[in-house]
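J.: What follows is the file upload-v4.txt, containing compact mmCIF, C-alpha atoms:
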# COMPACT_ATOMS: atom_id res chain seq x y z
CA MET Z 1 -110.25 18.00 -65.53
CA SER Z 2 -109.30 19.09 -69.02
CA GLU Z 3 -112.46 21.22 -69.23
CA SER Z 4 -110.83 23.98 -67.25
CA SER Z 5 -108.56 25.03 -70.09
CA THR Z 6 -111.34 25.46 -72.64
CA ILE Z 7 -114.37 26.68 -70.69
CA SER Z 8 -114.95 30.39 -71.18
CA GLU Z 9 -115.16 32.83 -68.28
CA ALA Z 10 -118.65 33.69 -69.54
CA SER Z 11 -119.78 30.07 -69.12
CA ILE Z 12 -118.21 29.94 -65.66
CA GLY Z 13 -119.93 33.21 -64.82
CA ARG Z 14 -123.31 31.65 -65.60
CA LEU Z 15 -122.75 28.64 -63.30
CA PRO Z 16 -123.95 30.44 -60.14
CA LEU Z 17 -127.03 31.56 -62.06
CA TYR Z 18 -127.90 27.96 -62.94
CA LEU Z 19 -127.26 26.89 -59.35
CA ARG Z 20 -129.57 29.58 -58.02
CA VAL Z 21 -132.37 28.63 -60.37
CA LEU Z 22 -131.93 24.91 -59.63
CA ALA Z 23 -132.18 25.62 -55.88
CA GLU Z 24 -135.37 27.59 -56.50
CA MET Z 25 -136.79 24.73 -58.58
CA LEU Z 26 -135.97 22.19 -55.88
CA GLY Z 27 -137.70 24.44 -53.37
CA GLN Z 28 -140.79 24.28 -55.59
CA GLY Z 29 -140.59 20.48 -55.84
CA ILE Z 30 -139.62 20.48 -59.53
CA ALA Z 31 -137.77 17.23 -60.40
CA THR Z 32 -136.81 17.74 -64.07
CA ALA Z 33 -136.19 20.84 -66.15
CA SER Z 34 -135.80 21.30 -69.89
CA SER Z 35 -133.17 23.65 -71.26
CA GLU Z 36 -136.07 25.90 -72.27
CA THR Z 37 -137.29 26.05 -68.66
CA LEU Z 38 -133.77 26.81 -67.45
CA ALA Z 39 -133.46 29.45 -70.18
CA ALA Z 40 -136.69 31.17 -69.16
CA ALA Z 41 -135.71 31.20 -65.48
CA THR Z 42 -132.16 32.46 -66.02
CA GLY Z 43 -132.65 34.71 -69.02
CA VAL Z 44 -129.94 32.76 -70.90
CA GLN Z 45 -130.76 31.48 -74.42
CA SER Z 46 -131.71 27.79 -74.39
CA SER Z 47 -129.04 26.85 -76.95
CA LEU Z 48 -126.44 28.51 -74.72
CA VAL Z 49 -127.83 26.68 -71.65
CA ARG Z 50 -127.36 23.36 -73.45
CA ARG Z 51 -123.85 24.28 -74.57
CA ASP Z 52 -122.84 25.50 -71.09
CA LEU Z 53 -124.14 22.40 -69.34
CA ALA Z 54 -122.61 20.07 -71.94
CA GLN Z 55 -119.26 21.75 -71.32
CA PHE Z 56 -119.65 20.87 -67.67
CA GLY Z 57 -120.48 17.27 -68.59
CA SER Z 58 -124.28 17.42 -68.19
CA TYR Z 59 -126.34 16.46 -71.23
CA GLY Z 60 -129.85 15.78 -69.91
CA THR Z 61 -132.22 13.24 -71.48
CA ARG Z 62 -133.90 13.93 -74.81
CA GLY Z 63 -137.61 14.64 -74.32
CA VAL Z 64 -137.22 14.71 -70.53
CA GLY Z 65 -134.60 17.32 -69.78
CA TYR Z 66 -132.23 17.51 -66.86
CA SER Z 67 -132.71 15.94 -63.45
CA VAL Z 68 -132.73 18.96 -61.15
CA THR Z 69 -130.98 17.19 -58.26
CA SER Z 70 -128.35 15.52 -60.47
CA LEU Z 71 -127.59 18.75 -62.27
CA GLN Z 72 -127.38 20.64 -58.98
CA ASP Z 73 -125.02 17.99 -57.52
CA GLU Z 74 -122.82 18.13 -60.60
CA LEU Z 75 -122.63 21.93 -60.77
CA GLN Z 76 -122.06 22.22 -57.01
CA ARG Z 77 -119.15 19.81 -57.32
CA ILE Z 78 -117.74 21.89 -60.16
CA VAL Z 79 -117.93 25.23 -58.31
CA GLY Z 80 -116.50 23.63 -55.18
CA ALA Z 81 -119.74 24.03 -53.21
CA THR Z 82 -119.36 20.57 -51.71
CA ARG Z 83 -116.82 21.86 -49.20
CA THR Z 84 -116.40 24.93 -47.00
CA TRP Z 85 -114.24 27.82 -48.18
CA ARG Z 86 -112.54 29.93 -45.52
CA VAL Z 87 -112.87 33.66 -46.15
CA VAL Z 88 -110.90 36.57 -44.70
CA LEU Z 89 -112.65 39.95 -44.77
CA VAL Z 90 -110.48 43.04 -44.84
CA GLY Z 91 -112.28 46.27 -44.02
CA ALA Z 92 -114.94 46.08 -41.33
CA GLY Z 93 -116.83 49.31 -41.96
CA ASN Z 94 -120.58 49.42 -42.63
CA LEU Z 95 -120.36 47.37 -45.80
CA GLY Z 96 -117.88 44.83 -44.41
CA GLN Z 97 -119.94 44.31 -41.27
CA ALA Z 98 -123.10 43.87 -43.32
CA LEU Z 99 -121.33 41.23 -45.41
CA VAL Z 100 -120.18 39.30 -42.33
CA ARG Z 101 -123.78 39.12 -41.15
CA HIS Z 102 -125.15 38.27 -44.61
CA SER Z 103 -126.75 34.85 -45.02
CA GLY Z 104 -124.52 34.03 -48.00
CA LEU Z 105 -121.46 34.19 -45.76
CA SER Z 106 -122.80 32.17 -42.87
CA ALA Z 107 -123.78 29.32 -45.17
CA GLU Z 108 -121.94 26.04 -45.39
CA THR Z 109 -120.05 26.91 -48.53
CA PHE Z 110 -118.47 30.20 -47.50
CA THR Z 111 -117.58 31.05 -43.94
CA VAL Z 112 -115.78 34.12 -42.65
CA VAL Z 113 -112.89 32.93 -40.47
CA ALA Z 114 -111.02 36.22 -40.07
CA ILE Z 115 -111.73 39.95 -40.11
CA ALA Z 116 -109.04 42.62 -40.38
CA ASP Z 117 -109.25 46.39 -40.20
CA ILE Z 118 -106.96 49.32 -39.60
CA SER Z 119 -109.13 51.26 -37.14
CA PRO Z 120 -108.00 51.16 -33.48
CA ASP Z 121 -111.71 51.31 -32.60
CA LEU Z 122 -112.28 47.96 -34.33
CA VAL Z 123 -109.06 45.97 -33.85
CA GLY Z 124 -109.50 43.62 -30.88
CA THR Z 125 -113.31 43.89 -30.88
CA GLN Z 126 -115.56 41.02 -31.90
CA ILE Z 127 -117.83 41.03 -34.95
CA ASN Z 128 -120.16 38.06 -35.25
CA GLY Z 129 -117.93 36.13 -32.85
CA ILE Z 130 -114.68 36.86 -34.71
CA THR Z 131 -111.95 39.02 -33.18
CA VAL Z 132 -110.83 41.76 -35.56
CA THR Z 133 -107.07 41.69 -36.23
CA HIS Z 134 -104.92 44.52 -37.54
CA GLN Z 135 -104.68 44.96 -41.29
CA HIS Z 136 -100.88 45.10 -40.99
CA ASP Z 137 -100.86 41.54 -39.61
CA LEU Z 138 -102.59 39.95 -42.61
CA ALA Z 139 -99.85 37.37 -43.18
CA ALA Z 140 -100.19 36.06 -39.63
CA THR Z 141 -103.99 36.18 -39.80
CA VAL Z 142 -104.11 34.22 -43.07
CA ALA Z 143 -101.57 31.68 -41.78
CA ALA Z 144 -103.43 31.21 -38.48
CA THR Z 145 -106.88 30.81 -40.02
CA GLY Z 146 -106.06 29.09 -43.31
CA ALA Z 147 -108.15 31.65 -45.20
CA GLU Z 148 -108.34 30.79 -48.91
CA LEU Z 149 -110.54 33.54 -50.30
CA ALA Z 150 -110.48 37.22 -49.39
CA ILE Z 151 -113.04 40.00 -49.53
CA ILE Z 152 -111.67 43.52 -49.70
CA ALA Z 153 -114.17 46.05 -48.37
CA THR Z 154 -111.73 48.83 -47.55
CA PRO Z 155 -111.81 52.36 -48.98
CA ALA Z 156 -110.51 52.49 -52.56
CA ILE Z 157 -107.22 54.08 -51.56
CA ALA Z 158 -106.22 51.13 -49.34
CA ALA Z 159 -107.38 48.31 -51.59
CA GLN Z 160 -104.25 47.73 -53.70
CA GLU Z 161 -101.96 47.58 -50.67
CA VAL Z 162 -104.32 45.12 -48.98
CA ALA Z 163 -104.49 43.00 -52.14
CA ASP Z 164 -100.68 42.91 -52.34
CA ALA Z 165 -100.45 41.80 -48.69
CA LEU Z 166 -103.10 39.11 -49.20
CA ILE Z 167 -101.32 37.74 -52.25
CA ASP Z 168 -98.00 37.74 -50.39
CA ALA Z 169 -99.78 35.77 -47.67
CA GLY Z 170 -100.79 33.15 -50.25
CA VAL Z 171 -104.39 34.16 -51.03
CA MET Z 172 -105.05 33.65 -54.75
CA SER Z 173 -108.75 34.62 -54.95
CA VAL Z 174 -110.03 38.06 -54.12
CA LEU Z 175 -113.50 39.55 -54.17
CA ASN Z 176 -112.99 43.29 -54.49
CA MET Z 177 -115.79 45.49 -53.15
CA ALA Z 178 -113.64 48.64 -53.12
CA PRO Z 179 -114.37 51.04 -56.00
CA THR Z 180 -110.97 50.73 -57.65
CA THR Z 181 -109.27 48.46 -60.17
CA LEU Z 182 -106.80 46.01 -58.61
CA HIS Z 183 -103.62 44.98 -60.39
CA VAL Z 184 -102.56 41.44 -59.55
CA PRO Z 185 -100.01 38.94 -60.86
CA PRO Z 186 -101.04 36.14 -63.24
CA GLY Z 187 -102.78 33.24 -61.51
CA VAL Z 188 -104.56 35.44 -58.98
CA ASN Z 189 -108.31 35.69 -59.58
CA VAL Z 190 -110.14 38.91 -58.84
CA ARG Z 191 -113.88 39.46 -59.06
CA SER Z 192 -115.22 42.95 -58.50
CA VAL Z 193 -118.55 44.07 -57.14
CA ASP Z 194 -119.27 47.77 -57.44
CA PHE Z 195 -122.88 48.79 -57.09
CA THR Z 196 -122.10 52.42 -57.97
CA GLN Z 197 -120.93 51.19 -61.39
CA GLU Z 198 -124.17 49.24 -61.76
CA LEU Z 199 -126.15 52.38 -60.90
CA GLN Z 200 -124.21 54.27 -63.58
CA ILE Z 201 -125.21 51.67 -66.15
CA LEU Z 202 -128.84 52.11 -65.09
CA SER Z 203 -128.60 55.89 -65.23
CA TYR Z 204 -127.06 55.60 -68.70
CA HIS Z 205 -130.24 53.89 -69.87
CA GLU Z 206 -132.46 56.34 -67.98
CA ALA Z 207 -130.63 59.29 -69.56
CA ARG Z 208 -131.15 57.74 -73.02
CA ARG Z 209 -134.82 57.18 -72.22
CA ASP Z 210 -135.27 60.86 -71.36
CA PHE Z 211 -133.36 61.93 -74.44
CA LEU Z 212 -135.14 59.67 -76.88
CA GLY Z 213 -138.53 60.42 -75.41
CA ALA Z 214 -139.28 56.72 -75.19
CA PRO Z 215 -142.75 55.99 -73.86
CA GLN Z 216 -142.73 56.33 -70.08
CA ARG Z 217 -144.89 54.00 -68.08
CA ASN Z 218 -147.71 55.95 -66.54
CA ARG Z 219 -147.10 56.23 -62.82
CA ASN Z 220 -150.81 55.75 -62.24
CA ASP Z 221 -151.46 52.74 -64.45
CA SER Z 222 -151.17 50.16 -61.66
CA MET J 1 -128.58 60.25 -80.03
CA SER J 2 -128.68 57.42 -82.51
CA GLU J 3 -125.79 55.71 -80.70
CA SER J 4 -128.16 54.17 -78.20
CA SER J 5 -129.54 51.67 -80.68
CA THR J 6 -126.17 50.27 -81.71
CA ILE J 7 -123.92 50.42 -78.64
CA SER J 8 -123.52 47.03 -77.04
CA GLU J 9 -124.34 46.36 -73.40
CA ALA J 10 -120.71 45.27 -72.99
CA SER J 11 -119.47 48.70 -74.11
CA ILE J 12 -121.96 50.40 -71.80
CA GLY J 13 -120.81 48.12 -69.00
CA ARG J 14 -117.23 49.36 -69.43
CA LEU J 15 -118.20 53.05 -69.21
CA PRO J 16 -118.11 53.15 -65.39
CA LEU J 17 -114.70 51.49 -65.50
CA TYR J 18 -113.33 54.23 -67.76
CA LEU J 19 -114.90 56.88 -65.53
CA ARG J 20 -113.29 55.40 -62.43
CA VAL J 21 -109.86 55.29 -64.03
CA LEU J 22 -110.22 58.85 -65.39
CA ALA J 23 -111.13 60.08 -61.89
CA GLU J 24 -108.05 58.33 -60.49
CA MET J 25 -105.88 59.91 -63.22
CA LEU J 26 -107.25 63.37 -62.49
CA GLY J 27 -106.49 62.79 -58.82
CA GLN J 28 -102.90 62.09 -59.83
CA GLY J 29 -102.73 65.23 -61.98
CA ILE J 30 -102.59 63.34 -65.29
CA ALA J 31 -103.85 65.57 -68.14
CA THR J 32 -103.74 63.24 -71.15
CA ALA J 33 -103.98 59.48 -71.52
CA SER J 34 -103.32 57.20 -74.45
CA SER J 35 -105.60 54.26 -75.18
CA GLU J 36 -102.71 52.05 -74.06
CA THR J 37 -102.60 53.80 -70.67
CA LEU J 38 -106.36 53.46 -70.32
CA ALA J 39 -106.05 49.82 -71.35
CA ALA J 40 -103.40 49.09 -68.73
CA ALA J 41 -105.40 50.80 -65.98
CA THR J 42 -108.73 49.16 -66.82
CA GLY J 43 -107.57 45.76 -68.04
CA VAL J 44 -109.48 46.31 -71.30
CA GLN J 45 -107.58 45.73 -74.59
CA SER J 46 -106.40 49.02 -76.12
CA SER J 47 -108.15 48.35 -79.45
CA LEU J 48 -111.39 47.83 -77.55
CA VAL J 49 -110.81 51.03 -75.54
CA ARG J 50 -110.50 52.97 -78.80
CA ARG J 51 -113.60 51.34 -80.26
CA ASP J 52 -115.64 51.92 -77.10
CA LEU J 53 -114.66 55.58 -76.83
CA ALA J 54 -115.20 56.19 -80.55
CA GLN J 55 -118.70 54.76 -80.18
CA PHE J 56 -119.32 57.37 -77.52
CA GLY J 57 -118.01 60.10 -79.80
CA SER J 58 -114.51 60.48 -78.32
CA TYR J 59 -111.58 59.96 -80.68
CA GLY J 60 -108.57 61.47 -78.91
CA THR J 61 -105.68 63.09 -80.78
CA ARG J 62 -103.17 60.99 -82.70
CA GLY J 63 -99.83 60.93 -80.89
CA VAL J 64 -101.28 62.70 -77.86
CA GLY J 65 -104.20 60.60 -76.69
CA TYR J 66 -107.31 61.68 -74.88
CA SER J 67 -107.70 64.76 -72.72
CA VAL J 68 -108.59 63.28 -69.35
CA THR J 69 -110.95 66.11 -68.36
CA SER J 70 -112.69 66.26 -71.76
CA LEU J 71 -113.15 62.51 -71.84
CA GLN J 72 -114.44 62.49 -68.27
CA ASP J 73 -116.90 65.31 -69.08
CA GLU J 74 -118.13 63.49 -72.17
CA LEU J 75 -118.54 60.11 -70.49
CA GLN J 76 -120.20 61.67 -67.42
CA ARG J 77 -122.69 63.36 -69.69
CA ILE J 78 -123.38 60.06 -71.41
CA VAL J 79 -123.99 58.09 -68.21
CA GLY J 80 -126.13 60.91 -66.84
CA ALA J 81 -123.64 61.79 -64.10
CA THR J 82 -124.18 65.49 -64.70
CA ARG J 83 -127.42 65.41 -62.74
CA THR J 84 -128.66 63.82 -59.53
CA TRP J 85 -130.60 60.57 -59.68
CA ARG J 86 -133.15 59.92 -56.93
CA VAL J 87 -132.94 56.42 -55.52
CA VAL J 88 -135.44 54.44 -53.45
CA LEU J 89 -134.01 51.65 -51.33
CA VAL J 90 -136.30 48.75 -50.47
CA GLY J 91 -135.06 46.50 -47.68
CA ALA J 92 -133.27 48.23 -44.80
CA GLY J 93 -131.54 45.25 -43.18
CA ASN J 94 -127.78 45.12 -42.60
CA LEU J 95 -126.92 45.32 -46.29
CA GLY J 96 -129.50 48.01 -47.11
CA GLN J 97 -128.39 50.18 -44.20
CA ALA J 98 -124.74 49.79 -45.20
CA LEU J 99 -125.64 50.92 -48.73
CA VAL J 100 -127.46 54.02 -47.48
CA ARG J 101 -124.34 55.02 -45.57
CA HIS J 102 -121.99 54.17 -48.44
CA SER J 103 -120.09 57.04 -50.03
CA GLY J 104 -121.32 56.11 -53.51
CA LEU J 105 -124.88 56.83 -52.48
CA SER J 106 -124.29 60.11 -50.72
CA ALA J 107 -122.48 61.52 -53.74
CA GLU J 108 -123.92 64.12 -56.08
CA THR J 109 -124.89 61.64 -58.77
CA PHE J 110 -126.94 59.18 -56.73
CA THR J 111 -128.88 60.15 -53.63
CA VAL J 112 -131.19 57.97 -51.59
CA VAL J 113 -134.48 59.86 -51.22
CA ALA J 114 -136.64 57.06 -49.80
CA ILE J 115 -136.23 53.87 -47.77
CA ALA J 116 -138.93 51.22 -47.44
CA ASP J 117 -139.06 48.06 -45.37
CA ILE J 118 -141.66 45.63 -44.08
CA SER J 119 -140.43 45.35 -40.49
CA PRO J 120 -142.57 47.15 -37.87
CA ASP J 121 -139.30 47.76 -36.00
CA LEU J 122 -137.98 49.85 -38.89
CA VAL J 123 -141.03 51.56 -40.42
CA GLY J 124 -141.28 55.08 -39.02
CA THR J 125 -137.67 55.15 -37.79
CA GLN J 126 -135.00 57.31 -39.40
CA ILE J 127 -131.96 55.99 -41.25
CA ASN J 128 -129.42 58.58 -42.32
CA GLY J 129 -132.10 61.26 -41.94
CA ILE J 130 -134.73 59.46 -44.02
CA THR J 131 -137.95 58.13 -42.48
CA VAL J 132 -138.53 54.48 -43.40
CA THR J 133 -141.93 53.91 -45.06
CA HIS J 134 -143.82 50.64 -45.34
CA GLN J 135 -143.00 48.38 -48.27
CA HIS J 136 -146.73 48.11 -49.04
CA ASP J 137 -146.87 51.87 -49.68
CA LEU J 138 -144.23 51.91 -52.43
CA ALA J 139 -146.51 53.62 -54.97
CA ALA J 140 -147.10 56.54 -52.61
CA THR J 141 -143.41 56.67 -51.60
CA VAL J 142 -142.23 56.75 -55.22
CA ALA J 143 -144.82 59.37 -56.15
CA ALA J 144 -143.96 61.56 -53.15
CA THR J 145 -140.19 61.43 -53.62
CA GLY J 146 -139.91 61.21 -57.41
CA ALA J 147 -137.57 58.23 -57.08
CA GLU J 148 -136.25 57.17 -60.50
CA LEU J 149 -133.95 54.27 -59.65
CA ALA J 150 -134.56 51.53 -57.10
CA ILE J 151 -132.27 49.28 -55.11
CA ILE J 152 -133.81 46.03 -53.89
CA ALA J 153 -131.98 44.70 -50.82
CA THR J 154 -134.77 42.51 -49.46
CA PRO J 155 -134.56 38.75 -48.87
CA ALA J 156 -134.77 36.77 -52.12
CA ILE J 157 -138.33 35.62 -51.45
CA ALA J 158 -139.70 39.19 -51.38
CA ALA J 159 -137.72 40.62 -54.28
CA GLN J 160 -140.06 39.83 -57.20
CA GLU J 161 -143.11 41.26 -55.44
CA VAL J 162 -141.15 44.41 -54.60
CA ALA J 163 -139.92 44.71 -58.20
CA ASP J 164 -143.50 44.39 -59.49
CA ALA J 165 -144.67 47.11 -57.11
CA LEU J 166 -141.80 49.41 -58.10
CA ILE J 167 -142.52 48.94 -61.80
CA ASP J 168 -146.22 49.59 -61.21
CA ALA J 169 -145.15 52.78 -59.46
CA GLY J 170 -143.25 53.86 -62.58
CA VAL J 171 -139.67 52.88 -61.70
CA MET J 172 -137.92 51.55 -64.81
CA SER J 173 -134.43 50.90 -63.44
CA VAL J 174 -133.70 48.43 -60.68
CA LEU J 175 -130.47 47.39 -58.99
CA ASN J 176 -131.16 43.96 -57.55
CA MET J 177 -129.02 42.94 -54.55
CA ALA J 178 -131.35 40.07 -53.58
CA PRO J 179 -130.01 36.63 -54.55
CA THR J 180 -132.76 35.80 -57.03
CA THR J 181 -133.48 36.39 -60.71
CA LEU J 182 -136.09 39.09 -61.35
CA HIS J 183 -138.54 38.85 -64.23
CA VAL J 184 -139.53 42.25 -65.59
CA PRO J 185 -141.39 43.56 -68.63
CA PRO J 186 -139.51 44.88 -71.69
CA GLY J 187 -138.14 48.37 -71.20
CA VAL J 188 -137.32 47.86 -67.54
CA ASN J 189 -133.59 47.65 -66.83
CA VAL J 190 -132.31 45.38 -64.10
CA ARG J 191 -128.70 45.07 -62.93
CA SER J 192 -127.86 42.44 -60.37
CA VAL J 193 -125.14 42.41 -57.73
CA ASP J 194 -124.68 39.12 -55.93
CA PHE J 195 -121.41 38.69 -54.10
CA THR J 196 -122.19 35.06 -53.26
CA GLN J 197 -122.23 34.35 -57.00
CA GLU J 198 -118.88 36.09 -57.33
CA LEU J 199 -117.48 33.96 -54.50
CA GLN J 200 -118.73 30.85 -56.34
CA ILE J 201 -116.83 31.91 -59.44
CA LEU J 202 -113.70 32.33 -57.31
CA SER J 203 -114.20 28.96 -55.61
CA TYR J 204 -114.65 27.37 -59.06
CA HIS J 205 -111.14 28.52 -59.95
CA GLU J 206 -109.75 27.50 -56.54
CA ALA J 207 -111.30 24.04 -56.90
CA ARG J 208 -109.70 23.68 -60.37
CA ARG J 209 -106.39 24.84 -58.91
CA ASP J 210 -106.55 22.11 -56.25
CA PHE J 211 -107.59 19.51 -58.80
CA LEU J 212 -104.98 20.39 -61.38
CA GLY J 213 -102.28 20.67 -58.77
CA ALA J 214 -101.27 24.04 -60.19
CA PRO J 215 -98.32 25.55 -58.38
CA GLN J 216 -99.46 27.14 -55.14
CA ARG J 217 -97.75 30.26 -53.97
CA ASN J 218 -95.79 29.51 -50.88
CA ARG J 219 -97.49 31.11 -47.91
CA ASN J 220 -94.12 32.05 -46.51
CA ASP J 221 -92.49 33.49 -49.60
CA SER J 222 -93.31 37.08 -48.77
Spell out the structure here as structure tokens.
T.:
Amino acid sequence: MSESSTISEASIGRLPLYLRVLAEMLGQGIATASSETLAAATGVQSSLVRRDLAQFGSYGTRGVGYSVTSLQDELQRIVGATRTWRVVLVGAGNLGQALVRHSGLSAETFTVVAIADISPDLVGTQINGITVTHQHDLAATVAATGAELAIIATPAIAAQEVADALIDAGVMSVLNMAPTTLHVPPGVNVRSVDFTQELQILSYHEARRDFLGAPQRNRNDS
Amino acid sequence: MSESSTISEASIGRLPLYLRVLAEMLGQGIATASSETLAAATGVQSSLVRRDLAQFGSYGTRGVGYSVTSLQDELQRIVGATRTWRVVLVGAGNLGQALVRHSGLSAETFTVVAIADISPDLVGTQINGITVTHQHDLAATVAATGAELAIIATPAIAAQEVADALIDAGVMSVLNMAPTTLHVPPGVNVRSVDFTQELQILSYHEARRDFLGAPQRNRNDS
């Protein structure tokens, strides 16, 4: 698929957004969608929607738009959602345990097959039917379970060491939930989720609002 | 601060990254940092680091670099990290409860002051010392606690209604953890965290890897 060398990370990053909106449309019984409809639902400009989807080989029909099911099928194939991805979770504290129980990780596409932690209180116990293994045995755990993707939900200080061990064990895709920047060799993909950073971006805007004296919504205008 | 009208969202989005790296440098006793050092630690190009920091009023000293403490002070002031932001959490399921107990939300900058849910099993109970109120009483909860930022950790189907209620109650900044796109009026800031979307981006790359037959790391080469 020659597309993979030319498609921007930004376009790839919008794929899940399109998939989410398409699923919502299907749930509402919507059969076709124009790029304008997709734009309104995703917040992406309609010209960019058309360019993104064309890059992924979907062009729609002039005057009709895109078939919602066809587009969903095509995009699901492209993101690999037509098969199950085996996920190893490292770090089974509050956040890790919440993730294991989250609907997104018990779905058909992503399934947690292994959980590792360093705490003697957790190793050997079961979480959601999976026995927690020791973080120092990651190579054996990955080999035994065939885990392909990893989620790191350890404290920040442990995250790099865990990432190194995962990569040594052959895992090339890491979702980092630890509040630290991971350094990985070329070819390894890392995505980071840090809600404290997102809160800082919100507080940046709130601080500006206070400073600029922008009109505040009246708390009693509902 | 006229900067706020011209600084791009992308630059603002990198601010927390700089702050995280500066905190790590301080922890390691590093007093000054060049833009190249900051670039290596954050993964941002050094020319972009210089441009970002200049936009925020920090220029460093030629041949020396940036004072880590001064830069941290300046950026913390800009993101509003020099005061405490009151946060209301809506949705106290597994994920919501994990967030309340997360270190990032018990820090000085962000503190959860209110928790709301719709479940009769949760309303009236205490989580981390906070009594859970009913989701239908958000206006009263926000007014009573002075919550400024909100985190939505409800199921997707409830998220828009909750966002509307929060905005009616005067909250202008929302961190959305529900897997759905929120539609909000101008002036309201929404940041979204969706780890399932991040996993889809990783599986996109894994699927390409399989398809292209790119060299796999040997699972036993560690």
J.: Could you tell me how far CA of Arg20 in chain J sits from CA of Leu105 in chain J, in Å to one decimal place?
T.: 15.3 Å
J.: In file coordinates, which residues lie within 12 Å of (-112.7, 20.6, -48.9) using all atoms listed in the file, given as a CSV table (one decimal) with C-alpha atoms, keeping the file's coordinate frame?
T.:
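Contents of selection-v4.csv, freshly written:
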chain,number,residue,atom,x,y,z
Z,77,ARG,CA,-119.2,19.8,-57.3
Z,79,VAL,CA,-117.9,25.2,-58.3
Z,80,GLY,CA,-116.5,23.6,-55.2
Z,81,ALA,CA,-119.7,24.0,-53.2
Z,82,THR,CA,-119.4,20.6,-51.7
Z,83,ARG,CA,-116.8,21.9,-49.2
Z,84,THR,CA,-116.4,24.9,-47.0
Z,85,TRP,CA,-114.2,27.8,-48.2
Z,86,ARG,CA,-112.5,29.9,-45.5
Z,108,GLU,CA,-121.9,26.0,-45.4
Z,109,THR,CA,-120.0,26.9,-48.5
Z,110,PHE,CA,-118.5,30.2,-47.5
Z,148,GLU,CA,-108.3,30.8,-48.9
J,203,SER,CA,-114.2,29.0,-55.6
J,206,GLU,CA,-109.8,27.5,-56.5
J,207,ALA,CA,-111.3,24.0,-56.9
J,210,ASP,CA,-106.6,22.1,-56.2
J,211,PHE,CA,-107.6,19.5,-58.8
J.: Within 12 Å of (-119.6, 59.2, -66.4) (file coordinates; all atoms listed in the file), which protein or nucleic acid residues are there? I'd like them as a PDB file with C-alpha atoms, in the frame of the given file.
T.:
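Writing done, so here's part23.pdb:
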ATOM      1  CA  THR Z 196    -122.100  52.420 -57.970  1.00  0.00           C
ATOM      2  CA  GLN Z 197    -120.930  51.190 -61.390  1.00  0.00           C
ATOM      3  CA  GLU Z 198    -124.170  49.240 -61.760  1.00  0.00           C
ATOM      4  CA  LEU Z 199    -126.150  52.380 -60.900  1.00  0.00           C
ATOM      5  CA  GLN Z 200    -124.210  54.270 -63.580  1.00  0.00           C
ATOM      6  CA  ILE Z 201    -125.210  51.670 -66.150  1.00  0.00           C
ATOM      7  CA  LEU Z 202    -128.840  52.110 -65.090  1.00  0.00           C
ATOM      8  CA  SER Z 203    -128.600  55.890 -65.230  1.00  0.00           C
ATOM      9  CA  TYR Z 204    -127.060  55.600 -68.700  1.00  0.00           C
ATOM     10  CA  ALA Z 207    -130.630  59.290 -69.560  1.00  0.00           C
TER      11      ALA Z 207
ATOM     12  CA  ILE J  12    -121.960  50.400 -71.800  1.00  0.00           C
ATOM     13  CA  GLY J  13    -120.810  48.120 -69.000  1.00  0.00           C
ATOM     14  CA  ARG J  14    -117.230  49.360 -69.430  1.00  0.00           C
ATOM     15  CA  LEU J  15    -118.200  53.050 -69.210  1.00  0.00           C
ATOM     16  CA  PRO J  16    -118.110  53.150 -65.390  1.00  0.00           C
ATOM     17  CA  LEU J  17    -114.700  51.490 -65.500  1.00  0.00           C
ATOM     18  CA  TYR J  18    -113.330  54.230 -67.760  1.00  0.00           C
ATOM     19  CA  LEU J  19    -114.900  56.880 -65.530  1.00  0.00           C
ATOM     20  CA  ARG J  20    -113.290  55.400 -62.430  1.00  0.00           C
ATOM     21  CA  VAL J  21    -109.860  55.290 -64.030  1.00  0.00           C
ATOM     22  CA  LEU J  22    -110.220  58.850 -65.390  1.00  0.00           C
ATOM     23  CA  ALA J  23    -111.130  60.080 -61.890  1.00  0.00           C
ATOM     24  CA  PHE J  56    -119.320  57.370 -77.520  1.00  0.00           C
ATOM     25  CA  THR J  69    -110.950  66.110 -68.360  1.00  0.00           C
ATOM     26  CA  SER J  70    -112.690  66.260 -71.760  1.00  0.00           C
ATOM     27  CA  LEU J  71    -113.150  62.510 -71.840  1.00  0.00           C
ATOM     28  CA  GLN J  72    -114.440  62.490 -68.270  1.00  0.00           C
ATOM     29  CA  ASP J  73    -116.900  65.310 -69.080  1.00  0.00           C
ATOM     30  CA  GLU J  74    -118.130  63.490 -72.170  1.00  0.00           C
ATOM     31  CA  LEU J  75    -118.540  60.110 -70.490  1.00  0.00           C
ATOM     32  CA  GLN J  76    -120.200  61.670 -67.420  1.00  0.00           C
ATOM     33  CA  ARG J  77    -122.690  63.360 -69.690  1.00  0.00           C
ATOM     34  CA  ILE J  78    -123.380  60.060 -71.410  1.00  0.00           C
ATOM     35  CA  VAL J  79    -123.990  58.090 -68.210  1.00  0.00           C
ATOM     36  CA  GLY J  80    -126.130  60.910 -66.840  1.00  0.00           C
ATOM     37  CA  ALA J  81    -123.640  61.790 -64.100  1.00  0.00           C
ATOM     38  CA  THR J  82    -124.180  65.490 -64.700  1.00  0.00           C
ATOM     39  CA  ARG J  83    -127.420  65.410 -62.740  1.00  0.00           C
ATOM     40  CA  THR J 109    -124.890  61.640 -58.770  1.00  0.00           C
TER      41      THR J 109
END
J.: When you look at Asn189 in chain Z with a cut-off of 9 Å (counting all atoms listed in the file), what residues show up, excluding the ones that are within fewer than 6 positions of it in the same chain? I need them as an NGL selection string.
T.: (:Z and (172-175)) or (:J and (202 or 205-206))
